[in-house]
$ cat final00.txt   # compact mmCIF, C-alpha atoms
# COMPACT_ATOMS: atom_id res chain seq x y z
CA MET A 1 -61.77 -29.02 72.92
CA SER A 2 -63.20 -25.66 71.95
CA ALA A 3 -59.96 -24.78 70.13
CA SER A 4 -60.26 -27.99 68.10
CA VAL A 5 -63.80 -27.18 67.13
CA GLY A 6 -62.73 -23.69 66.09
CA LEU A 7 -59.98 -25.07 63.85
CA ASP A 8 -62.36 -27.60 62.31
CA SER A 9 -64.85 -24.83 61.57
CA LEU A 10 -62.10 -22.66 60.07
CA ASP A 11 -60.85 -25.53 57.87
CA LYS A 12 -64.37 -26.23 56.65
CA ALA A 13 -64.99 -22.55 55.90
CA SER A 14 -61.66 -22.33 54.07
CA PHE A 15 -62.51 -25.46 52.08
CA ILE A 16 -65.94 -24.06 51.15
CA ASP A 17 -64.37 -20.73 50.06
CA GLU A 18 -61.78 -22.51 47.94
CA THR A 19 -64.42 -24.77 46.40
CA THR A 20 -66.71 -21.81 45.65
CA SER A 21 -63.81 -19.84 44.18
CA GLY A 22 -62.80 -22.83 42.05
CA GLU A 23 -66.35 -23.28 40.81
CA LYS A 24 -66.61 -19.58 39.96
CA GLN A 25 -63.31 -19.71 38.10
CA LYS A 26 -64.42 -22.84 36.25
CA SER A 27 -67.72 -21.16 35.41
CA ASN A 28 -65.90 -18.04 34.18
CA ASN A 29 -63.58 -20.18 32.07
CA LEU A 30 -66.55 -21.98 30.53
CA GLY A 31 -68.17 -18.62 29.84
CA ILE A 32 -65.02 -17.33 28.14
CA GLN A 33 -64.70 -20.56 26.14
CA PHE A 34 -68.30 -20.22 24.98
CA LEU A 35 -67.72 -16.57 24.08
CA ASP A 36 -64.55 -17.53 22.21
CA TYR A 37 -66.57 -20.12 20.30
CA ILE A 38 -69.38 -17.83 19.15
CA LEU A 39 -67.33 -14.60 19.02
CA PRO A 40 -63.68 -15.55 18.56
CA ARG A 41 -61.01 -12.88 18.56
CA SER A 42 -59.43 -11.82 15.28
CA GLU A 43 -55.82 -12.99 14.95
CA VAL A 44 -55.05 -9.61 13.40
CA THR A 45 -56.95 -6.97 15.39
CA GLY A 46 -57.73 -8.87 18.59
CA HIS A 47 -61.37 -7.76 18.34
CA ARG A 48 -64.21 -10.24 18.82
CA GLU A 49 -66.01 -11.14 15.59
CA LEU A 50 -68.98 -13.23 14.54
CA HIS A 51 -67.65 -16.07 12.37
CA LEU A 52 -70.34 -17.33 9.99
CA ILE A 53 -68.11 -17.86 6.96
CA PRO A 54 -65.63 -20.69 7.69
CA LEU A 55 -62.06 -20.80 6.39
CA THR A 56 -62.93 -23.69 4.06
CA VAL A 57 -65.45 -21.48 2.23
CA GLU A 58 -62.93 -18.64 1.87
CA LYS A 59 -60.32 -21.03 0.47
CA PHE A 60 -62.82 -22.66 -1.90
CA VAL A 61 -64.01 -19.31 -3.29
CA GLY A 62 -60.46 -18.00 -3.71
CA LYS A 63 -59.21 -21.16 -5.41
CA ALA A 64 -62.20 -21.27 -7.76
CA LEU A 65 -62.02 -17.61 -8.80
CA TYR A 66 -58.25 -17.08 -8.93
CA PRO A 67 -57.63 -18.45 -12.47
CA LEU A 68 -60.64 -16.54 -13.83
CA TYR A 69 -59.64 -13.26 -12.18
CA LYS A 70 -56.07 -13.57 -13.46
CA LEU A 71 -57.35 -14.21 -16.97
CA GLN A 72 -59.78 -11.27 -16.82
CA SER A 73 -56.94 -9.05 -15.52
CA GLY A 74 -54.81 -9.66 -18.61
CA GLY A 75 -53.32 -13.07 -17.93
CA SER A 76 -49.59 -13.78 -17.81
CA VAL A 77 -47.06 -11.01 -18.36
CA PRO A 78 -44.68 -10.89 -21.38
CA ALA A 79 -41.38 -12.73 -20.99
CA LYS A 80 -39.34 -9.53 -20.56
CA TYR A 81 -41.29 -8.72 -17.36
CA LYS A 82 -40.98 -12.17 -15.77
CA ARG A 83 -38.43 -10.80 -13.30
CA TYR A 84 -41.33 -9.02 -11.56
CA GLU A 85 -42.93 -12.39 -10.82
CA GLU A 86 -39.79 -13.56 -9.01
CA VAL A 87 -39.73 -10.42 -6.84
CA VAL A 88 -43.45 -10.59 -6.01
CA GLN A 89 -43.40 -14.30 -5.17
CA ARG A 90 -40.20 -14.10 -3.12
CA ILE A 91 -41.38 -11.14 -1.02
CA GLY A 92 -44.97 -12.39 -0.80
CA LYS A 93 -43.95 -15.81 0.51
CA ALA A 94 -41.60 -14.24 3.07
CA LEU A 95 -44.31 -11.90 4.36
CA ALA A 96 -46.87 -14.73 4.45
CA THR A 97 -44.74 -16.57 7.02
CA GLU A 98 -45.47 -13.71 9.43
CA SER A 99 -49.23 -13.92 8.92
CA PRO A 100 -50.92 -14.37 12.31
CA ARG A 101 -53.69 -16.43 10.70
CA LYS A 102 -52.67 -19.95 9.84
CA GLY A 103 -54.24 -22.29 7.30
CA LEU A 104 -54.35 -19.87 4.37
CA ASP A 105 -52.98 -21.05 1.02
CA PHE A 106 -51.18 -17.92 -0.18
CA GLU A 107 -50.40 -17.54 -3.88
CA PHE A 108 -48.83 -14.54 -5.59
CA ALA A 109 -48.96 -13.59 -9.25
CA VAL A 110 -48.32 -10.68 -11.64
CA VAL A 111 -51.01 -9.96 -14.25
CA ASN A 112 -50.71 -8.13 -17.55
CA ASP A 113 -52.74 -5.09 -16.53
CA TRP A 114 -51.19 -1.63 -16.78
CA SER A 115 -53.43 0.08 -14.24
CA HIS A 116 -52.03 0.87 -10.78
CA ASN A 117 -53.71 -1.78 -8.71
CA ALA A 118 -53.35 -5.03 -6.78
CA TRP A 119 -56.04 -7.34 -5.46
CA CYS A 120 -56.67 -10.17 -3.04
CA LEU A 121 -59.24 -12.94 -3.19
CA PRO A 122 -60.35 -14.83 -0.06
CA GLY A 123 -58.01 -17.55 1.10
CA GLY A 124 -54.88 -15.56 0.22
CA LYS A 125 -54.93 -15.46 -3.60
CA ILE A 126 -53.08 -12.24 -4.48
CA ALA A 127 -52.04 -10.51 -7.70
CA MET A 128 -50.22 -7.29 -8.58
CA ASN A 129 -50.70 -5.45 -11.85
CA LEU A 130 -47.72 -5.14 -14.18
CA GLY A 131 -48.38 -1.42 -14.68
CA MET A 132 -48.14 -0.71 -10.97
CA LEU A 133 -44.87 -2.63 -10.59
CA ASN A 134 -43.34 -0.86 -13.59
CA ALA A 135 -44.43 2.58 -12.38
CA MET A 136 -43.14 1.99 -8.84
CA GLU A 137 -39.78 0.78 -10.12
CA ASN A 138 -39.34 3.85 -12.34
CA ASP A 139 -40.55 6.38 -9.75
CA THR A 140 -37.42 7.59 -7.95
CA ARG A 141 -38.99 10.52 -6.09
CA ASP A 142 -38.88 10.47 -2.30
CA TYR A 143 -41.98 12.70 -1.86
CA GLY A 144 -40.36 14.51 1.06
CA ASP A 145 -39.73 11.24 2.90
CA SER A 146 -37.17 8.46 2.54
CA LEU A 147 -37.03 6.66 -0.81
CA PRO A 148 -37.65 2.93 -0.35
CA THR A 149 -36.06 0.24 -2.46
CA PHE A 150 -38.15 -1.41 -5.17
CA GLU A 151 -38.48 -4.51 -2.97
CA GLU A 152 -39.78 -2.39 -0.09
CA LYS A 153 -42.34 -0.75 -2.37
CA VAL A 154 -43.57 -4.20 -3.44
CA ALA A 155 -43.62 -5.32 0.20
CA ALA A 156 -45.81 -2.33 1.13
CA VAL A 157 -48.41 -3.42 -1.43
CA LEU A 158 -48.25 -7.14 -0.62
CA SER A 159 -48.43 -6.67 3.17
CA HIS A 160 -51.63 -4.67 2.61
CA GLU A 161 -53.14 -7.42 0.43
CA ILE A 162 -52.03 -10.20 2.80
CA THR A 163 -53.79 -8.39 5.63
CA HIS A 164 -57.04 -8.41 3.64
CA ALA A 165 -56.85 -12.21 3.74
CA THR A 166 -55.63 -12.61 7.31
CA ALA A 167 -58.20 -10.14 8.68
CA ARG A 168 -61.06 -12.06 6.99
CA HIS A 169 -62.27 -9.03 5.05
CA PHE A 170 -64.15 -11.19 2.54
CA GLY A 171 -65.80 -13.25 5.29
CA ARG A 172 -66.61 -10.20 7.37
CA THR A 173 -68.13 -8.44 4.36
CA MET A 174 -70.35 -11.45 3.63
CA GLU A 175 -71.34 -11.72 7.30
CA PHE A 176 -72.16 -8.01 7.39
CA LYS A 177 -74.35 -8.36 4.28
CA ILE A 178 -76.13 -11.38 5.78
CA PHE A 179 -76.71 -9.48 9.03
CA MET A 180 -77.90 -6.33 7.26
CA GLY A 181 -80.17 -8.36 4.97
CA ALA A 182 -81.70 -10.21 7.90
CA CYS A 183 -82.31 -6.97 9.82
CA ILE A 184 -83.88 -5.27 6.80
CA LYS A 185 -86.13 -8.23 5.97
CA ALA A 186 -87.20 -8.64 9.61
CA THR A 187 -88.02 -4.93 9.92
CA GLN A 188 -89.92 -4.99 6.64
CA PHE A 189 -91.86 -8.08 7.73
CA PHE A 190 -92.93 -6.56 11.07
CA ILE A 191 -93.95 -3.20 9.55
CA SER A 192 -95.85 -4.90 6.72
CA SER A 193 -97.57 -7.24 9.21
CA TYR A 194 -98.59 -4.30 11.38
CA VAL A 195 -99.99 -2.35 8.39
CA LYS A 196 -101.81 -5.44 7.08
CA SER A 197 -103.25 -6.12 10.53
CA HIS A 198 -104.40 -2.50 10.82
CA TYR A 199 -106.39 -2.66 7.55
CA ASP A 200 -107.69 -6.16 8.28
CA LYS A 201 -109.16 -4.91 11.55
CA LYS A 202 -110.92 -2.12 9.66
CA ILE A 203 -112.37 -4.62 7.22
CA GLU A 204 -113.51 -6.90 10.04
CA ALA A 205 -115.17 -3.93 11.78
CA ILE A 206 -117.05 -3.02 8.57
CA LYS A 207 -118.12 -6.62 8.05
CA SER A 208 -119.35 -6.84 11.65
CA SER A 209 -121.22 -3.53 11.33
CA SER A 210 -122.75 -4.49 7.99
CA SER A 211 -123.89 -7.81 9.42
CA THR A 212 -125.84 -5.95 12.11
CA VAL A 213 -127.33 -3.55 9.53
CA MET A 214 -128.24 -6.51 7.32
CA GLN A 215 -130.12 -8.14 10.15
CA VAL A 216 -132.10 -4.96 10.85
CA THR A 217 -132.74 -3.58 7.32
CA GLY A 218 -132.01 -6.54 5.06
CA MET A 219 -129.47 -4.40 3.05
CA SER A 220 -125.69 -4.07 3.03
CA GLY A 221 -123.51 -1.38 1.42
CA SER A 222 -120.18 -2.56 2.86
CA ASP A 223 -118.69 -4.16 -0.28
CA LYS A 224 -117.62 -0.83 -1.74
CA LYS A 225 -115.98 0.29 1.51
CA ILE A 226 -114.12 -3.02 1.84
CA LYS A 227 -112.78 -2.74 -1.71
CA GLU A 228 -111.53 0.78 -0.99
CA ILE A 229 -109.73 -0.38 2.14
CA GLU A 230 -108.25 -3.36 0.27
CA LYS A 231 -106.85 -0.90 -2.30
CA GLN A 232 -105.44 1.27 0.47
CA LYS A 233 -103.83 -1.79 2.05
CA ALA A 234 -102.27 -2.91 -1.23
CA SER A 235 -101.02 0.63 -1.90
CA SER A 236 -99.49 0.91 1.59
CA LEU A 237 -97.74 -2.46 1.28
CA LYS A 238 -96.32 -1.46 -2.13
CA SER A 239 -95.04 1.81 -0.63
CA ILE A 240 -93.32 -0.11 2.15
CA GLN A 241 -91.76 -2.41 -0.46
CA ARG A 242 -90.49 0.57 -2.48
CA LEU A 243 -89.13 2.22 0.67
CA PHE A 244 -87.12 -0.86 1.66
CA ASN A 245 -85.91 -1.38 -1.91
CA PHE A 246 -84.63 2.21 -1.86
CA PHE A 247 -82.99 1.55 1.52
CA VAL A 248 -81.22 -1.55 0.22
CA ARG A 249 -80.04 0.19 -2.98
CA ASN A 250 -78.80 3.37 -1.34
CA ILE A 251 -78.54 3.39 2.45
CA ALA A 252 -77.40 -0.20 2.93
CA SER A 253 -75.04 0.15 -0.04
CA GLY A 254 -73.57 3.30 1.54
CA ILE A 255 -73.07 1.51 4.86
CA GLY A 256 -71.38 -1.32 2.97
CA LYS A 257 -68.98 1.15 1.36
CA CYS A 258 -68.16 2.58 4.80
CA LYS A 259 -67.35 -0.97 5.88
CA SER A 260 -65.12 -1.40 2.84
CA ARG A 261 -63.26 1.83 3.62
CA THR A 262 -62.73 0.62 7.19
CA HIS A 263 -61.23 -2.58 5.84
CA GLU A 264 -58.83 -0.62 3.64
CA LEU A 265 -57.59 1.48 6.54
CA GLU A 266 -57.29 -1.68 8.64
CA ALA A 267 -55.25 -3.39 5.90
CA ASP A 268 -52.98 -0.33 5.75
CA LYS A 269 -52.39 -0.29 9.51
CA TYR A 270 -51.90 -3.99 10.17
CA GLY A 271 -50.08 -4.41 6.88
CA MET A 272 -47.48 -1.95 8.16
CA ILE A 273 -47.26 -3.90 11.42
CA LEU A 274 -46.77 -7.13 9.45
CA LEU A 275 -44.07 -5.45 7.34
CA HIS A 276 -42.37 -4.14 10.48
CA GLN A 277 -42.30 -7.63 12.01
CA ALA A 278 -40.84 -9.09 8.82
CA GLY A 279 -38.23 -6.31 8.82
CA LYS A 280 -37.15 -7.19 12.36
CA LYS A 281 -36.26 -10.66 11.07
CA ASN A 282 -34.67 -9.28 7.87
CA LEU A 283 -36.96 -11.45 5.73
CA ALA A 284 -36.48 -11.01 1.97
CA GLY A 285 -33.92 -8.25 2.60
CA LEU A 286 -36.38 -6.10 4.57
CA ASN A 287 -35.44 -4.13 7.70
CA THR A 288 -37.09 -2.20 10.54
CA GLU A 289 -37.36 0.90 8.35
CA SER A 290 -39.19 -0.95 5.57
CA ALA A 291 -42.67 -0.30 6.99
CA ARG A 292 -42.08 3.35 6.16
CA SER A 293 -42.54 2.41 2.49
CA ALA A 294 -46.32 2.40 3.09
CA ILE A 295 -46.09 6.19 3.51
CA TRP A 296 -44.24 6.49 0.19
CA LEU A 297 -46.89 4.27 -1.45
CA GLN A 298 -49.77 6.64 -0.64
CA SER A 299 -47.73 9.61 -1.88
CA PHE A 300 -47.18 7.59 -5.06
CA PHE A 301 -50.95 7.11 -5.44
CA ILE A 302 -51.58 10.83 -4.89
CA GLN A 303 -49.00 11.71 -7.54
CA HIS A 304 -50.35 9.20 -10.07
CA SER A 305 -54.06 9.93 -9.52
CA PRO A 306 -56.21 12.80 -10.85
CA PRO A 307 -55.39 16.05 -9.01
CA SER A 308 -57.26 16.55 -5.74
CA LYS A 309 -56.73 18.52 -2.57
CA PRO A 310 -57.31 17.23 0.96
CA GLY A 311 -60.42 18.84 2.33
CA PHE A 312 -64.21 18.72 2.31
CA PHE A 313 -64.67 17.73 -1.34
CA ASP A 314 -62.00 15.05 -1.10
CA TRP A 315 -63.79 13.68 1.97
CA LEU A 316 -67.18 13.92 0.22
CA THR A 317 -65.87 12.01 -2.80
CA SER A 318 -64.48 9.29 -0.55
CA LEU A 319 -67.97 8.70 0.90
CA ILE A 320 -69.19 7.23 -2.39
CA SER A 321 -66.02 5.21 -2.89
CA THR A 322 -65.04 1.77 -1.60
CA HIS A 323 -61.61 3.18 -0.69
CA PRO A 324 -60.65 6.14 1.51
CA SER A 325 -58.83 8.97 -0.23
CA SER A 326 -55.06 8.65 -0.55
CA HIS A 327 -54.68 11.83 1.53
CA GLU A 328 -56.58 10.19 4.40
CA ARG A 329 -54.57 6.99 4.07
CA LEU A 330 -51.29 8.90 3.96
CA ALA A 331 -52.13 10.67 7.23
CA ALA A 332 -53.17 7.38 8.86
CA ASN A 333 -49.97 5.62 7.72
CA LYS A 334 -47.85 8.39 9.18
CA LYS A 335 -49.58 7.90 12.55
CA THR A 336 -49.01 4.13 12.36
CA TRP A 337 -45.34 4.70 11.60
CA GLU A 338 -45.02 7.01 14.61
CA ALA A 339 -46.66 4.34 16.81
CA LEU A 340 -44.24 1.69 15.51
CA GLN A 341 -41.31 3.97 16.33
CA GLY A 342 -42.62 4.60 19.86
$ encode --input "final00.txt" --output "structure tokens"
Amino acid sequence: MSASVGLDSLDKASFIDETTSGEKQKSNNLGIQFLDYILPRSEVTGHRELHLIPLTVEKFVGKALYPLYKLQSGGSVPAKYKRYEEVVQRIGKALATESPRKGLDFEFAVVNDWSHNAWCLPGGKIAMNLGMLNAMENDTRDYGDSLPTFEEKVAAVLSHEITHATARHFGRTMEFKIFMGACIKATQFFISSYVKSHYDKKIEAIKSSSSTVMQVTGMSGSDKKIKEIEKQKASSLKSIQRLFNFFVRNIASGIGKCKSRTHELEADKYGMILLHQAGKKNLAGLNTESARSAIWLQSFFIQHSPPSKPGFFDWLTSLISTHPSSHERLAANKKTWEALQG
């Protein structure tokens, strides 16, 4: 009898433990689901991000601006350079199939601009400049590393631009600006309210004191003092306004540029990973060595840019730029390549 009771008690205790464990697991799962909803993980980096700008907005902005940007960048290329369009579209479409973020409407174009540049609009609208394609094709130097094929050079550029779209760099920039703007405005509001309250209390104290004097002597000299304090209050509030305007123009702008430089380094790194994955599948004639072309690309930029030496002044110049220096990017790409090899 006692043994039966013991078993019943044990079964009940086991059932309670299992139920409690199940409830905890369910609660944890709900917590993770809620966290995934408000702070989903990036398909590219795996980091949690605040998503305020939906994919539909990115696609709408990119689709609306793409024709205008292409036109402003020189429009269509001359007929003798049309072969570049075939290369860019073929490689771009192949790389886009490896994008970890689905739902983007990738488009690839070549524009009649002879500067060494490429760009990406939100939603996956990408263009390469004719001048950059022509210069890369004619540059046969290996820069102390392996010399990639022309297709691999193009792939290095396009994988970088594709990563800008897949990593939500437009959306994250907008979200960062919204967050920074809200923080600045909230801080300005609280400081201004405190200053205003401080002067209002002074005015109320003078009014209260003058009311007592008025009752005793029948005279009041508080109007002049109140006007002086009102001027001081107005002056202080204007100073606060100027201070925050300066902050927005300079400090916040500088922080924004730091964010932009981070995005560029991120696009370099994960662009190489994307290119490596495409190479494993031999897409568009690429191979496992193709990601190395990103190293050549930064050496190409160093060679075709105004002379500069890696060091303090190069670093200082990069602080006021939206892009890191090519020397910094070259070093980072070499590390990424080593990691891919390991």
$ residues_around --input "final00.txt" --residues "Cys183 of chain A" --least-positions-apart "5" --cutoff "12 Å" --atoms "all atoms listed in the file" --output "MDAnalysis selection string"
chainID A and resid 176:178 188:190 244 247:248 252
$ write_last_selection --input "final00.txt" --atoms "C-alpha atoms" --output "tab-separated table (two decimals), in the coordinates of the input"
chain	number	residue	atom	x	y	z
A	176	PHE	CA	-72.16	-8.01	7.39
A	177	LYS	CA	-74.35	-8.36	4.28
A	178	ILE	CA	-76.13	-11.38	5.78
A	188	GLN	CA	-89.92	-4.99	6.64
A	189	PHE	CA	-91.86	-8.08	7.73
A	190	PHE	CA	-92.93	-6.56	11.07
A	244	PHE	CA	-87.12	-0.86	1.66
A	247	PHE	CA	-82.99	1.55	1.52
A	248	VAL	CA	-81.22	-1.55	0.22
A	252	ALA	CA	-77.40	-0.20	2.93
$ atom_distance --input "final00.txt" --atom1 "atom CA of Thr262 of chain A" --atom2 "atom CA of Gln72 of chain A"
27.0 Å
$ closest_residue --input "final00.txt" --among "A:Met128, A:Leu237, A:Ala167, A:Ile226" --to "His47 of chain A" --atoms "all atoms listed in the file"
A:Ala167
$ atom_distance --input "final00.txt" --atom1 "atom CA of Ala186 of chain A" --atom2 "atom CA of Glu49 of chain A"
22.2 Å
$ atom_distance --input "final00.txt" --atom1 "atom CA of Thr336 of chain A" --atom2 "atom CA of Glu289 of chain A"
12.7 Å
$ closest_residue --input "final00.txt" --among "A:Thr45, A:Ser146, A:Ser236, A:Gln89" --to "Lys125 of chain A" --atoms "all atoms listed in the file"
A:Gln89
$ closest_residue --input "final00.txt" --among "A:Lys269, A:Lys259, A:His198, A:Lys82" --to "Ala332 of chain A" --atoms "only C-alpha atoms"
A:Lys269
$ residues_near_point --input "final00.txt" --point "(-40.5, -2.7, -9.2)" --cutoff "7 Å" --atoms "only C-alpha atoms" --output "PyMOL selection string"
chain A and resi 84+133-134+136-137+150-151+154
$ residues_around --input "final00.txt" --residues "Gly144 of chain A" --least-positions-apart "3" --cutoff "10 Å" --atoms "only C-alpha atoms" --output "PyMOL selection string"
chain A and resi 141+147+296+299
$ axis_aligned_box --input "final00.txt" --around "segment 52-67 of chain A" --padding-each-side "4 Å" --output "AutoDock Vina command-line options"
--center_x -64.0 --center_y -20.4 --center_z -1.2 --size_x 20.7 --size_y 14.6 --size_z 30.5
$ closest_residue --input "final00.txt" --among "A:Ile203, A:Leu30, A:Leu286, A:Ala331" --to "Ala155 of chain A" --atoms "all atoms listed in the file"
A:Leu286
$ residues_around --input "final00.txt" --residues "Leu340 of chain A" --least-positions-apart "4" --cutoff "9 Å" --atoms "only C-alpha atoms" --output "list of chain:residue names"
A:Met272, A:Ile273, A:His276, A:Ala291, A:Lys335, A:Thr336
$ residues_around --input "final00.txt" --residues "segment 101-112 of chain A" --least-positions-apart "6" --cutoff "6 Å" --atoms "all atoms listed in the file" --output "list in words"
Glu43, Gly74, Gly75, Ser76, Val77, Glu85, Gln89, Gly123, Gly124, Lys125, Ile126, Ala127, Met128, Asn129, Leu130 and Thr166 of chain A
$ write_last_selection --input "final00.txt" --atoms "C-alpha atoms" --output "short mmCIF file (atom, residue, chain, number, x, y, z; two decimals), keeping the file's coordinate frame"
data_model
loop_
_atom_site.label_atom_id
_atom_site.label_comp_id
_atom_site.auth_asym_id
_atom_site.auth_seq_id
_atom_site.Cartn_x
_atom_site.Cartn_y
_atom_site.Cartn_z
CA GLU A 43 -55.82 -12.99 14.95
CA GLY A 74 -54.81 -9.66 -18.61
CA GLY A 75 -53.32 -13.07 -17.93
CA SER A 76 -49.59 -13.78 -17.81
CA VAL A 77 -47.06 -11.01 -18.36
CA GLU A 85 -42.93 -12.39 -10.82
CA GLN A 89 -43.40 -14.30 -5.17
CA GLY A 123 -58.01 -17.55 1.10
CA GLY A 124 -54.88 -15.56 0.22
CA LYS A 125 -54.93 -15.46 -3.60
CA ILE A 126 -53.08 -12.24 -4.48
CA ALA A 127 -52.04 -10.51 -7.70
CA MET A 128 -50.22 -7.29 -8.58
CA ASN A 129 -50.70 -5.45 -11.85
CA LEU A 130 -47.72 -5.14 -14.18
CA THR A 166 -55.63 -12.61 7.31
#
$ decode --input "final00.txt" --residues "segment 160-193 of chain A" --atoms "C-alpha atoms" --output "PDB file, in the first residue's frame"
ATOM      1  CA  HIS A 160      29.639  44.170 -53.000  1.00  0.00           C
ATOM      2  CA  GLU A 161      26.651  46.083 -54.421  1.00  0.00           C
ATOM      3  CA  ILE A 162      24.291  43.111 -54.011  1.00  0.00           C
ATOM      4  CA  THR A 163      25.274  42.928 -50.354  1.00  0.00           C
ATOM      5  CA  HIS A 164      24.273  46.574 -49.884  1.00  0.00           C
ATOM      6  CA  ALA A 165      20.746  45.527 -50.882  1.00  0.00           C
ATOM      7  CA  THR A 166      20.609  42.218 -49.031  1.00  0.00           C
ATOM      8  CA  ALA A 167      22.020  43.718 -45.819  1.00  0.00           C
ATOM      9  CA  ARG A 168      19.335  46.468 -45.838  1.00  0.00           C
ATOM     10  CA  HIS A 169      21.881  49.285 -45.801  1.00  0.00           C
ATOM     11  CA  PHE A 170      19.344  51.807 -47.101  1.00  0.00           C
ATOM     12  CA  GLY A 171      16.726  50.741 -44.548  1.00  0.00           C
ATOM     13  CA  ARG A 172      19.226  50.633 -41.713  1.00  0.00           C
ATOM     14  CA  THR A 173      20.524  54.099 -42.619  1.00  0.00           C
ATOM     15  CA  MET A 174      16.987  55.511 -42.579  1.00  0.00           C
ATOM     16  CA  GLU A 175      16.227  53.762 -39.282  1.00  0.00           C
ATOM     17  CA  PHE A 176      19.445  55.114 -37.783  1.00  0.00           C
ATOM     18  CA  LYS A 177      18.537  58.656 -38.882  1.00  0.00           C
ATOM     19  CA  ILE A 178      15.030  58.291 -37.430  1.00  0.00           C
ATOM     20  CA  PHE A 179      16.473  56.999 -34.148  1.00  0.00           C
ATOM     21  CA  MET A 180      19.130  59.714 -33.966  1.00  0.00           C
ATOM     22  CA  GLY A 181      16.577  62.408 -34.832  1.00  0.00           C
ATOM     23  CA  ALA A 182      14.177  61.182 -32.159  1.00  0.00           C
ATOM     24  CA  CYS A 183      16.941  61.078 -29.522  1.00  0.00           C
ATOM     25  CA  ILE A 184      18.164  64.571 -30.416  1.00  0.00           C
ATOM     26  CA  LYS A 185      14.670  66.078 -30.421  1.00  0.00           C
ATOM     27  CA  ALA A 186      13.749  64.375 -27.134  1.00  0.00           C
ATOM     28  CA  THR A 187      16.963  65.588 -25.465  1.00  0.00           C
ATOM     29  CA  GLN A 188      16.424  69.102 -26.801  1.00  0.00           C
ATOM     30  CA  PHE A 189      12.821  69.098 -25.576  1.00  0.00           C
ATOM     31  CA  PHE A 190      13.741  68.012 -22.030  1.00  0.00           C
ATOM     32  CA  ILE A 191      16.636  70.492 -21.713  1.00  0.00           C
ATOM     33  CA  SER A 192      14.534  73.344 -23.115  1.00  0.00           C
ATOM     34  CA  SER A 193      11.649  72.439 -20.788  1.00  0.00           C
TER      35      SER A 193
END
